[in-house]
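Next comes structure_5.cif, with mmCIF, C-alpha atoms.
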data_model
#
loop_
_atom_site.label_atom_id
_atom_site.label_comp_id
_atom_site.auth_asym_id
_atom_site.auth_seq_id
_atom_site.Cartn_x
_atom_site.Cartn_y
_atom_site.Cartn_z
CA MET S 10 0.00 0.00 0.00
CA SER S 11 1.29 3.46 -0.88
CA SER S 12 1.97 5.98 1.88
CA VAL S 13 1.90 9.73 2.38
CA SER S 14 3.68 11.74 5.05
CA SER S 15 4.24 15.39 5.85
CA VAL S 16 7.85 16.51 5.64
CA SER S 17 9.61 19.83 6.01
CA PHE S 18 12.80 21.49 4.84
CA ASP S 19 14.78 24.31 6.42
CA VAL S 20 16.20 26.45 3.63
CA THR S 21 18.43 29.50 3.75
CA PRO S 22 17.20 32.45 1.65
CA PRO S 23 19.95 33.97 -0.53
CA HIS S 24 19.44 37.48 0.82
CA ALA S 25 19.84 36.47 4.47
CA PRO S 26 22.50 33.78 5.05
CA GLY S 27 21.90 33.67 8.79
CA THR S 28 18.19 32.86 8.64
CA THR S 29 16.08 29.88 7.62
CA TRP S 30 12.62 29.36 6.16
CA ARG S 31 10.61 26.27 6.92
CA LEU S 32 9.00 24.72 3.82
CA GLY S 33 6.22 22.15 4.04
CA ALA S 34 5.59 19.29 1.64
CA GLU S 35 3.82 15.97 1.26
CA LEU S 36 5.88 12.90 0.38
CA PHE S 37 4.04 10.14 -1.47
CA LEU S 38 5.69 6.73 -1.77
CA PRO S 39 4.61 3.55 -3.54
CA ALA S 40 4.55 0.29 -1.63
CA GLY S 41 7.82 -1.49 -1.02
CA ASP S 42 11.32 -0.09 -1.07
CA PRO S 43 11.63 3.59 -2.05
CA PRO S 44 12.16 4.00 -5.79
CA ASP S 45 15.25 5.61 -7.28
CA THR S 46 13.35 8.55 -8.77
CA VAL S 47 11.33 11.27 -7.09
CA GLN S 48 9.15 13.78 -8.88
CA LEU S 49 9.36 17.25 -7.33
CA LEU S 50 6.08 19.06 -7.97
CA LEU S 51 6.18 22.88 -8.12
CA PRO S 52 2.85 24.74 -8.26
CA GLY S 53 2.26 28.06 -9.98
CA LEU S 54 1.29 31.58 -9.00
CA THR S 55 -1.63 31.66 -6.48
CA TYR S 56 -1.44 27.87 -6.06
CA ASP S 57 0.04 25.53 -3.47
CA SER S 58 0.57 21.77 -3.39
CA ARG S 59 -3.18 21.11 -3.57
CA TYR S 60 -2.99 21.85 -7.30
CA TRP S 61 -1.53 18.36 -7.66
CA THR S 62 -4.20 16.56 -5.60
CA ALA S 63 -7.43 17.48 -7.38
CA PRO S 64 -10.31 15.05 -6.72
CA GLY S 65 -10.57 11.55 -8.11
CA ALA S 66 -8.85 10.75 -11.38
CA LEU S 67 -7.43 14.29 -11.52
CA ASP S 68 -5.06 13.61 -8.61
CA TYR S 69 -1.64 13.78 -10.27
CA THR S 70 0.15 12.40 -7.21
CA ARG S 71 -1.96 9.24 -7.25
CA HIS S 72 -1.21 8.69 -10.93
CA ALA S 73 2.55 9.16 -10.45
CA VAL S 74 2.73 6.86 -7.44
CA GLY S 75 0.72 4.29 -9.41
CA GLU S 76 3.49 4.42 -12.02
CA GLY S 77 6.07 3.59 -9.35
CA TYR S 78 7.48 7.05 -8.62
CA ALA S 79 8.04 8.80 -5.33
CA VAL S 80 6.45 12.25 -5.33
CA LEU S 81 7.22 15.35 -3.29
CA ALA S 82 4.48 17.97 -3.55
CA LEU S 83 6.13 21.14 -2.27
CA ASP S 84 4.54 24.26 -0.90
CA ARG S 85 6.78 26.99 -2.26
CA PRO S 86 7.86 29.81 0.11
CA GLY S 87 4.86 31.87 1.16
CA THR S 88 2.25 29.26 0.19
CA GLY S 89 0.31 26.49 1.88
CA THR S 90 2.01 24.96 4.91
CA SER S 91 5.31 26.74 4.27
CA GLU S 92 6.54 29.76 6.15
CA HIS S 93 5.20 33.13 4.95
CA PRO S 94 8.17 35.53 5.00
CA PRO S 95 7.83 39.25 4.24
CA ALA S 96 6.50 39.64 0.71
CA GLU S 97 9.49 41.56 -0.63
CA GLN S 98 11.80 38.65 0.33
CA VAL S 99 9.78 36.03 -1.55
CA THR S 100 11.04 36.55 -5.09
CA VAL S 101 11.69 34.32 -8.07
CA GLU S 102 15.34 34.23 -6.98
CA SER S 103 14.56 33.10 -3.44
CA ASN S 104 12.19 30.45 -4.83
CA VAL S 105 14.92 29.12 -7.11
CA GLU S 106 17.46 28.81 -4.33
CA ALA S 107 14.90 27.27 -1.97
CA VAL S 108 14.04 24.65 -4.59
CA HIS S 109 17.74 23.96 -5.14
CA GLN S 110 18.18 23.24 -1.44
CA VAL S 111 15.19 20.88 -1.54
CA VAL S 112 16.69 19.07 -4.55
CA THR S 113 19.96 18.69 -2.63
CA ALA S 114 18.09 17.23 0.34
CA LEU S 115 16.22 14.80 -1.90
CA ARG S 116 19.50 13.54 -3.33
CA ARG S 117 21.29 13.27 0.02
CA GLY S 118 18.41 12.03 2.13
CA ALA S 119 17.39 13.35 5.54
CA PRO S 120 15.55 12.14 8.65
CA GLY S 121 12.27 10.72 7.41
CA LEU S 122 13.35 11.19 3.81
CA PRO S 123 15.10 8.56 1.67
CA ALA S 124 17.87 9.51 -0.72
CA PHE S 125 16.95 9.46 -4.41
CA ARG S 126 19.33 8.90 -7.32
CA HIS S 127 17.15 10.83 -9.75
CA VAL S 128 15.08 14.01 -9.34
CA VAL S 129 12.56 15.08 -11.97
CA ALA S 130 10.94 18.51 -11.62
CA VAL S 131 7.31 18.82 -12.71
CA GLY S 132 6.21 22.44 -12.68
CA HIS S 133 3.14 24.45 -13.45
CA SER S 134 3.37 28.03 -14.77
CA LEU S 135 5.55 30.00 -12.32
CA GLY S 136 6.65 26.68 -10.83
CA SER S 137 7.85 25.65 -14.30
CA GLY S 138 9.83 28.85 -14.63
CA ILE S 139 11.46 28.34 -11.25
CA ALA S 140 12.41 24.80 -12.30
CA LEU S 141 13.95 26.10 -15.54
CA ILE S 142 16.18 28.59 -13.75
CA GLU S 143 17.15 26.05 -11.10
CA ALA S 144 18.04 23.43 -13.72
CA ALA S 145 20.07 25.88 -15.80
CA ARG S 146 21.96 27.26 -12.81
CA HIS S 147 22.64 24.11 -10.78
CA GLN S 148 22.47 21.24 -13.29
CA ASP S 149 21.11 18.88 -10.62
CA LEU S 150 17.85 17.70 -12.21
CA ASP S 151 17.48 14.67 -14.47
CA ALA S 152 14.46 15.80 -16.50
CA LEU S 153 11.88 18.58 -16.60
CA VAL S 154 8.14 18.48 -17.24
CA VAL S 155 7.20 22.09 -17.99
CA THR S 156 3.45 22.66 -17.90
CA GLY S 157 1.56 25.89 -18.48
CA LEU S 158 4.57 27.91 -19.66
CA LEU S 159 5.59 28.98 -23.15
CA HIS S 160 7.73 31.84 -24.44
CA ALA S 161 4.75 33.43 -26.18
CA LEU S 162 2.20 35.32 -24.09
CA GLY S 163 -1.48 34.86 -24.84
CA PRO S 164 -4.31 37.37 -25.11
CA LEU S 165 -5.37 37.01 -21.46
CA TYR S 166 -1.90 37.52 -20.00
CA PRO S 167 -2.38 41.31 -19.53
CA GLU S 168 -5.46 40.55 -17.41
CA ALA S 169 -3.58 38.38 -14.90
CA LEU S 170 -2.18 41.24 -12.79
CA PRO S 171 -5.46 43.22 -12.52
CA ALA S 172 -7.15 40.01 -11.37
CA LEU S 173 -5.14 40.12 -8.12
CA TYR S 174 -5.96 41.93 -4.88
CA PRO S 175 -4.73 41.76 -1.25
CA ALA S 176 -5.17 38.30 0.23
CA ALA S 177 -6.07 40.00 3.54
CA GLU S 178 -9.26 41.26 1.85
CA ASP S 179 -10.28 37.84 0.57
CA ALA S 180 -13.00 36.08 2.55
CA LEU S 181 -11.38 32.69 2.03
CA LEU S 182 -7.79 33.65 2.91
CA ALA S 183 -8.20 36.53 5.37
CA PRO S 184 -8.73 34.24 8.42
CA ALA S 185 -5.13 33.01 8.02
CA ASP S 186 -3.91 36.62 8.39
CA PRO S 187 -1.71 36.75 5.28
CA PRO S 188 1.17 39.24 5.43
CA GLU S 189 1.12 42.60 3.72
CA ASN S 190 1.60 42.48 -0.06
CA TYR S 191 0.50 38.86 -0.32
CA LEU S 192 -2.04 38.78 -3.14
CA THR S 193 -4.61 36.34 -4.50
CA THR S 194 -7.14 36.20 -7.31
CA ARG S 195 -10.40 38.10 -6.97
CA PRO S 196 -13.45 35.86 -6.59
CA GLY S 197 -14.46 34.42 -9.94
CA ARG S 198 -11.32 35.47 -11.80
CA ARG S 199 -9.70 32.04 -11.64
CA ALA S 200 -12.47 30.60 -13.76
CA ALA S 201 -12.29 33.46 -16.26
CA LEU S 202 -8.52 33.33 -16.69
CA TYR S 203 -7.54 29.73 -16.10
CA GLU S 204 -10.48 27.50 -17.09
CA HIS S 205 -12.04 26.29 -20.32
CA PRO S 206 -15.76 26.03 -19.47
CA ALA S 207 -16.44 23.16 -21.87
CA GLY S 208 -13.75 21.11 -20.17
CA MET S 209 -14.88 21.75 -16.59
CA ASP S 210 -17.33 20.31 -14.11
CA ALA S 211 -19.00 22.65 -11.63
CA GLY S 212 -17.48 20.77 -8.70
CA LEU S 213 -13.99 21.11 -10.14
CA SER S 214 -14.41 24.82 -10.69
CA ALA S 215 -15.48 25.16 -7.06
CA TYR S 216 -12.46 23.13 -5.94
CA HIS S 217 -10.26 25.38 -8.05
CA GLU S 218 -11.60 28.49 -6.32
CA ASP S 219 -11.59 26.98 -2.83
CA THR S 220 -7.94 25.91 -3.02
CA LYS S 221 -6.49 29.20 -4.19
CA SER S 222 -3.32 30.41 -2.54
CA THR S 223 -1.18 33.53 -2.77
CA VAL S 224 1.52 35.30 -4.73
CA THR S 225 3.80 37.94 -3.25
CA ALA S 226 4.58 41.35 -4.62
CA GLY S 227 8.21 40.24 -4.65
CA GLU S 228 7.39 37.39 -7.02
CA GLY S 229 5.34 39.70 -9.19
CA PHE S 230 8.14 42.26 -9.52
CA THR S 231 10.69 39.57 -10.51
CA LEU S 232 8.47 37.41 -12.72
CA ASP S 233 10.29 38.39 -15.91
CA ALA S 234 13.29 36.31 -14.82
CA ILE S 235 11.56 33.11 -15.91
CA TYR S 236 11.30 34.35 -19.51
CA GLN S 237 14.94 35.35 -19.86
CA PRO S 238 16.73 33.44 -22.64
CA GLU S 239 19.40 32.00 -20.37
CA ALA S 240 16.82 30.07 -18.33
CA ALA S 241 15.58 27.70 -21.03
CA ALA S 242 18.88 27.81 -22.92
CA GLY S 243 20.80 26.56 -19.89
CA VAL S 244 18.75 23.37 -19.49
CA ARG S 245 20.79 20.31 -20.52
CA VAL S 246 18.31 17.52 -19.70
CA PRO S 247 15.21 16.16 -21.46
CA VAL S 248 12.23 18.54 -21.44
CA LEU S 249 8.55 17.80 -21.98
CA LEU S 250 6.34 20.84 -22.61
CA VAL S 251 2.66 20.47 -21.71
CA VAL S 252 0.11 23.12 -22.64
CA GLY S 253 -3.67 23.32 -22.77
CA ARG S 254 -5.07 23.73 -26.25
CA GLU S 255 -7.37 26.46 -24.89
CA ASP S 256 -4.72 28.23 -22.78
CA ARG S 257 -5.13 31.98 -23.31
CA LEU S 258 -2.37 33.07 -20.94
CA PHE S 259 0.29 31.45 -23.11
CA GLY S 260 0.27 30.71 -26.83
CA GLY S 261 -1.10 32.60 -29.77
CA GLY S 262 0.62 34.87 -32.23
CA ASP S 263 3.72 33.07 -33.50
CA VAL S 264 2.94 29.79 -31.73
CA SER S 265 -0.14 27.62 -32.12
CA THR S 266 -1.27 25.34 -29.32
CA GLU S 267 -3.29 23.22 -31.74
CA ASP S 268 -0.67 20.47 -31.95
CA ALA S 269 2.55 19.36 -30.32
CA ALA S 270 4.68 19.80 -33.45
CA SER S 271 3.83 23.51 -33.60
CA VAL S 272 4.75 23.97 -29.94
CA VAL S 273 8.10 22.23 -30.34
CA ALA S 274 8.90 24.11 -33.54
CA TYR S 275 8.40 27.45 -31.77
CA GLU S 276 10.03 26.60 -28.44
CA ARG S 277 13.12 24.86 -29.88
CA LYS S 278 14.82 28.22 -30.44
CA PHE S 279 14.75 28.78 -26.67
CA TYR S 280 15.74 25.29 -25.49
CA THR S 281 19.08 25.34 -27.27
CA GLY S 282 20.93 23.35 -24.61
CA THR S 283 19.01 20.11 -25.06
CA THR S 284 18.28 18.01 -28.12
CA ASP S 285 15.53 16.15 -26.26
CA LEU S 286 12.45 18.38 -26.47
CA GLU S 287 8.90 17.10 -26.87
CA ALA S 288 5.44 18.53 -26.27
CA PHE S 289 1.94 17.39 -25.44
CA VAL S 290 -1.19 19.46 -26.04
CA VAL S 291 -4.05 18.79 -23.61
CA PRO S 292 -7.44 18.89 -25.36
CA ASP S 293 -10.33 20.90 -23.90
CA ALA S 294 -8.10 22.44 -21.23
CA ALA S 295 -7.00 25.99 -20.45
CA HIS S 296 -4.15 27.19 -18.24
CA SER S 297 -4.95 25.33 -15.01
CA LEU S 298 -4.63 21.91 -16.59
CA ASN S 299 -5.22 19.76 -13.54
CA VAL S 300 -8.80 20.87 -12.87
CA HIS S 301 -10.01 19.97 -16.37
CA ARG S 302 -11.62 16.63 -17.19
CA THR S 303 -8.90 15.87 -19.73
CA ALA S 304 -6.02 16.27 -17.26
CA PRO S 305 -5.36 12.50 -17.04
CA SER S 306 -4.38 12.55 -20.71
CA TRP S 307 -1.27 14.58 -19.91
CA TYR S 308 -0.54 12.53 -16.79
CA ALA S 309 -0.38 9.43 -18.97
CA ALA S 310 1.64 11.20 -21.67
CA ALA S 311 4.17 12.51 -19.15
CA HIS S 312 4.77 9.08 -17.68
CA GLU S 313 5.06 7.47 -21.08
CA TRP S 314 7.61 10.17 -21.94
CA LEU S 315 9.51 9.61 -18.70
CA ALA S 316 9.62 5.88 -19.38
CA ARG S 317 11.19 6.55 -22.80
CA ARG S 318 13.38 9.57 -22.18
CA GLY S 319 13.64 10.26 -18.50
CA PRO S 320 15.46 8.43 -15.73
CA SER S 321 14.27 5.03 -14.68
CA HIS S 322 12.05 4.79 -11.62
CA GLU S 323 12.94 1.15 -10.98
#
Please re-express this file's structure in structure tokens.
Amino acid sequence: MSSVSSVSFDVTPPHAPGTTWRLGAELFLPAGDPPDTVQLLLPGLTYDSRYWTAPGALDYTRHAVGEGYAVLALDRPGTGTSEHPPAEQVTVESNVEAVHQVVTALRRGAPGLPAFRHVVAVGHSLGSGIALIEAARHQDLDALVVTGLLHALGPLYPEALPALYPAAEDALLAPADPPENYLTTRPGRRAALYEHPAGMDAGLSAYHEDTKSTVTAGEGFTLDAIYQPEAAAGVRVPVLLVVGREDRLFGGGDVSTEDAASVVAYERKFYTGTTDLEAFVVPDAAHSLNVHRTAPSWYAAAHEWLARRGPSHE
């Protein structure tokens, strides 16, 4: 029988060498001896680890464990069960270095945490961008699954920032007393920006709204770092790009999200450091892939890709 346990990591933020932040995560393990490979799941802007545990068949962690992988669903700094430092300290840079320290711990092992030979990062949106920078800078990942992130911005991208407001004013998040300059999506805006109505069930849309998390002003001010050419260009390991066919935050203009070949043809000019680049287009899905009915199609595609190209999980 598979198992799940809560684990934590003490990481040192790059701006303050004498301090630590406590990060929370859930570790999912298949039955038997721990596998060699762990998938490190990194959620996007205004999400936490619950993005990866949507109900029923949409639970990515359950699918991955069923394929024999260990899974670490991380709450990035300032989200979920992790520590909520001052907003200006939680930047893309501090996320990258926090993730690097988690990768190091996964490889070395720690109390309550086995050591893994292989670490695969699976990101969504901002989480994908953080994984790209981490991989390019530290060269300590074995493969990347980049979901919800292309180098072409879609028609709804300019609406993402105005959709945010102080988390302290949000009825759902205010009881947790979020720090100043922690932001979240205004009620109803998640559906408008991140969902494809034809691919959604009402219950999933409600889950999507009810599990929203925060983004800091520091992350917002440094977001452009994930689009810089050196991020994707520095990646030396296999990369799978996953995008919703109906994503309107990314795609459009010079890149079509109608088929995988078009995505690869456009993105290849950015991923110059790897010859192993593939894509999968999720039908009837917008930006927040995992709350759409078709999400299991990309789960299956990612694990088929890992079996062919990525490190073994045996």
Q: Carefully work through the PyMOL selection byres ((chain S and resi 60) around 12) for this structure and note down the residues it includes, as a PyMOL selection string.
A: chain S and resi 50-59+61-64+67-70+82-84+88-89+132-134+136+213+216-222+297-301+304
Kindly save the residues from that selection, with C-alpha atoms included, as an mmCIF file, in the coordinates of the input.
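For reference, again_0.cif as written:
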data_model
loop_
_atom_site.group_PDB
_atom_site.id
_atom_site.type_symbol
_atom_site.label_atom_id
_atom_site.label_comp_id
_atom_site.auth_asym_id
_atom_site.auth_seq_id
_atom_site.Cartn_x
_atom_site.Cartn_y
_atom_site.Cartn_z
ATOM 1 C CA LEU S 50 6.080 19.060 -7.970
ATOM 2 C CA LEU S 51 6.180 22.880 -8.120
ATOM 3 C CA PRO S 52 2.850 24.740 -8.260
ATOM 4 C CA GLY S 53 2.260 28.060 -9.980
ATOM 5 C CA LEU S 54 1.290 31.580 -9.000
ATOM 6 C CA THR S 55 -1.630 31.660 -6.480
ATOM 7 C CA TYR S 56 -1.440 27.870 -6.060
ATOM 8 C CA ASP S 57 0.040 25.530 -3.470
ATOM 9 C CA SER S 58 0.570 21.770 -3.390
ATOM 10 C CA ARG S 59 -3.180 21.110 -3.570
ATOM 11 C CA TRP S 61 -1.530 18.360 -7.660
ATOM 12 C CA THR S 62 -4.200 16.560 -5.600
ATOM 13 C CA ALA S 63 -7.430 17.480 -7.380
ATOM 14 C CA PRO S 64 -10.310 15.050 -6.720
ATOM 15 C CA LEU S 67 -7.430 14.290 -11.520
ATOM 16 C CA ASP S 68 -5.060 13.610 -8.610
ATOM 17 C CA TYR S 69 -1.640 13.780 -10.270
ATOM 18 C CA THR S 70 0.150 12.400 -7.210
ATOM 19 C CA ALA S 82 4.480 17.970 -3.550
ATOM 20 C CA LEU S 83 6.130 21.140 -2.270
ATOM 21 C CA ASP S 84 4.540 24.260 -0.900
ATOM 22 C CA THR S 88 2.250 29.260 0.190
ATOM 23 C CA GLY S 89 0.310 26.490 1.880
ATOM 24 C CA GLY S 132 6.210 22.440 -12.680
ATOM 25 C CA HIS S 133 3.140 24.450 -13.450
ATOM 26 C CA SER S 134 3.370 28.030 -14.770
ATOM 27 C CA GLY S 136 6.650 26.680 -10.830
ATOM 28 C CA LEU S 213 -13.990 21.110 -10.140
ATOM 29 C CA TYR S 216 -12.460 23.130 -5.940
ATOM 30 C CA HIS S 217 -10.260 25.380 -8.050
ATOM 31 C CA GLU S 218 -11.600 28.490 -6.320
ATOM 32 C CA ASP S 219 -11.590 26.980 -2.830
ATOM 33 C CA THR S 220 -7.940 25.910 -3.020
ATOM 34 C CA LYS S 221 -6.490 29.200 -4.190
ATOM 35 C CA SER S 222 -3.320 30.410 -2.540
ATOM 36 C CA SER S 297 -4.950 25.330 -15.010
ATOM 37 C CA LEU S 298 -4.630 21.910 -16.590
ATOM 38 C CA ASN S 299 -5.220 19.760 -13.540
ATOM 39 C CA VAL S 300 -8.800 20.870 -12.870
ATOM 40 C CA HIS S 301 -10.010 19.970 -16.370
ATOM 41 C CA ALA S 304 -6.020 16.270 -17.260
#
Q. Atom CA of S:Ser91 and atom CA of S:Asp42, how far apart in Å?
A. 28.0 Å
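Straight-line separation from atom CA of S:Tyr280 to atom CA of S:Glu239: 9.2 Å.
Going from atom CA of S:Gly261 to atom CA of S:Ala200 covers 19.7 Å.
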Q.
Give me the residues near stretch 242-253 of chain S as a ChimeraX atom specification, where near means some atom within 7 Å (using only C-alpha atoms) and where sequence neighbours in that chain fewer than 2 positions away do not count.
A. /S:141,144-145,151-157,238-240,255-256,279-283,285-292,294-296,298,318-319
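The residues caught by the PyMOL selection byres ((chain S and resi 207) around 10) in this file are Glu204, His205, Pro206, Gly208, Met209, Asp210, Asp293, Ala294, Ala295, His301 and Arg302 of chain S.
Between S:Leu192 and the residues S:Ala180, S:Ala161, S:Ala96, S:Val131, the shortest atom-to-atom distance, using all atoms listed in the file, involves S:Ala96.
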Q. How would you write, as a VMD selection string, the residues chosen by the PyMOL selection byres ((chain S and resi 312) around 12) on this structure?
A. chain S and resid 48 69 to 70 72 to 78 129 131 152 to 154 249 289 305 to 311 313 to 322
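Distances here use all atoms listed in the file; by that measure, the residue among S:Ala40, S:Leu165, S:Val16, S:Val105 closest to S:Ala140 is S:Val105.
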Q.
Around the point (6.1, 12.9, 4.5) (coordinates from the file), which residues reach within 12 Å if we count all atoms listed in the file? Answer as a list in words.
A. Ser11, Ser12, Val13, Ser14, Ser15, Val16, Ser17, Phe18, Gly33, Ala34, Glu35, Leu36, Phe37, Leu38, Ala79, Val80, Leu81, Ala82, Leu83, Ala119, Pro120, Gly121, Leu122 and Pro123 of chain S
